[in-house]
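A.B. asks: Pasting in a structure now, in structure tokens, and then I'll have a few things to ask.
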Amino acid sequence: AKSMMSEQAPRGSATKVLEDKGPEPFKDPSRTPPPKSFRMCVEQAYLSAKQAIEDGHKLIEIEFPPLPQSAMDNEAIGADTILKAQIQHSTDFAKLFKDKKIAIVFSDIVERNRFIDDETSAEKGRRGNVRFTALKGGFKGSLIERIWINKDFVSEVQEDDDMFIIIGASAQELPDVRELCKAAGDRPVILWNLKLQVLRGDFGLPFFPSKSLHNDWLCEALPAYFMLPKSYTKTIAGPPFLINYSGALFRTYPGKWQMLLEVPDDGGGGRYQRVRMLDKRPALSDVREELAKELQLDSLDGEEGQEIFGLNLKQLRNGVVVKTWWEKDLDAASSDKWRS
């Protein structure tokens, strides 16, 4: 499973393969193996979202790394590279819904026009079953073209749209996403790789949406597909003093949440081993602690219970593990869907 996080960025699109034959349904969604490629991510996300939509869910979260983990950790990788990957993955995902007309929604019209060549688009700006639009809509073309040429207006929501996929939206743009949801009515809205677990952390800060955006609306987003790899470091009292370990939180709807620990495989790489299955999304701090327990890292620490100036040495080395405000204030949210 580590190969999905460390592989080279895929060359070309998996769409042709995906269109020839639809993905095989999950045998047991609670025991879905973690993805080994971006194609698997897209297929698993499709199966999860399709089931969630059939079950009546309208606001759906999909989350996985759009690039290999080495690229995501590289500060030299720009936002444009990440957004191009998001466009490719979301388009491949949309094309699996062959009988549906899908709108892929950029954060604003300028961003949309930078990445989309409208000359290749067919009727009503669709490529197959997909069209590209933006929050609040806007005119096609560059700034100069919009001044001198009568360009077409791109509507945020069209009557013939069956589903919407939001890409590249920031925390400040989530209120606009909420307005789109109102305009969409009963049509599903997919929150595509928005890193909501990061964006929620900005709520309540100056110039950002208030925490009520989560409590009144974003808490209704069902995490249908979720693949979040994480790396951790634990400090112990003796050699080697620092221990690095990795794992992931994984979920395919309607299955349970899987805590995965990365362990060596026979080929010299890594694979994921299931540690626990849970009915509710755990706090990320709980994932870290559970993986450490599985590795029995506390048994390597020779200073259990020792204190200095009244402070526990183990806690000083580990740091204080705290839950985020939305993980602590569960009763403030109007819905429990975000962790179901």
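The way I read the labels, and the way they are meant: chains A, B, ... in the order of the structure tokens, residue 1 as the first residue of every chain, and ligand 1 as the first ligand shown, with later ones counted on from there.
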What lies within 12 Å of segment 271-278 of chain A using only C-alpha atoms, ignoring chain neighbours under 4 positions off, as a VMD selection string?
C.D. replies: chain A and resid 1 to 6 29 to 36 227 229 245 to 252 255 to 267 282 to 283 286 to 295 339 to 340
A.B. asks: Using DSSP on the backbone coordinates, identify the residues of segment 60-175 of chain A assigned to strand (DSSP E); present them as a PyMOL selection string.
C.D. replies: chain A and resi 60-63+102-106+126-127+130-134+138-139+153-154+163-166
A.B. asks: From the DSSP assignment of the backbone, select every residue of segment 44-262 of chain A that is helix (DSSP H, G or I), and format the answer as a ChimeraX atom specification.
C.D. replies: /A:44-54,69-72,79-95,109-115,118-120,123-125,143-148,171-184,196-202,212-216,218-220
A.B. asks: Ranking A:Lys27, A:Lys84, A:Lys100, A:His89 by minimum distance to Lys50 of chain A and counting only C-alpha atoms, which one comes first?
C.D. replies: A:Lys100
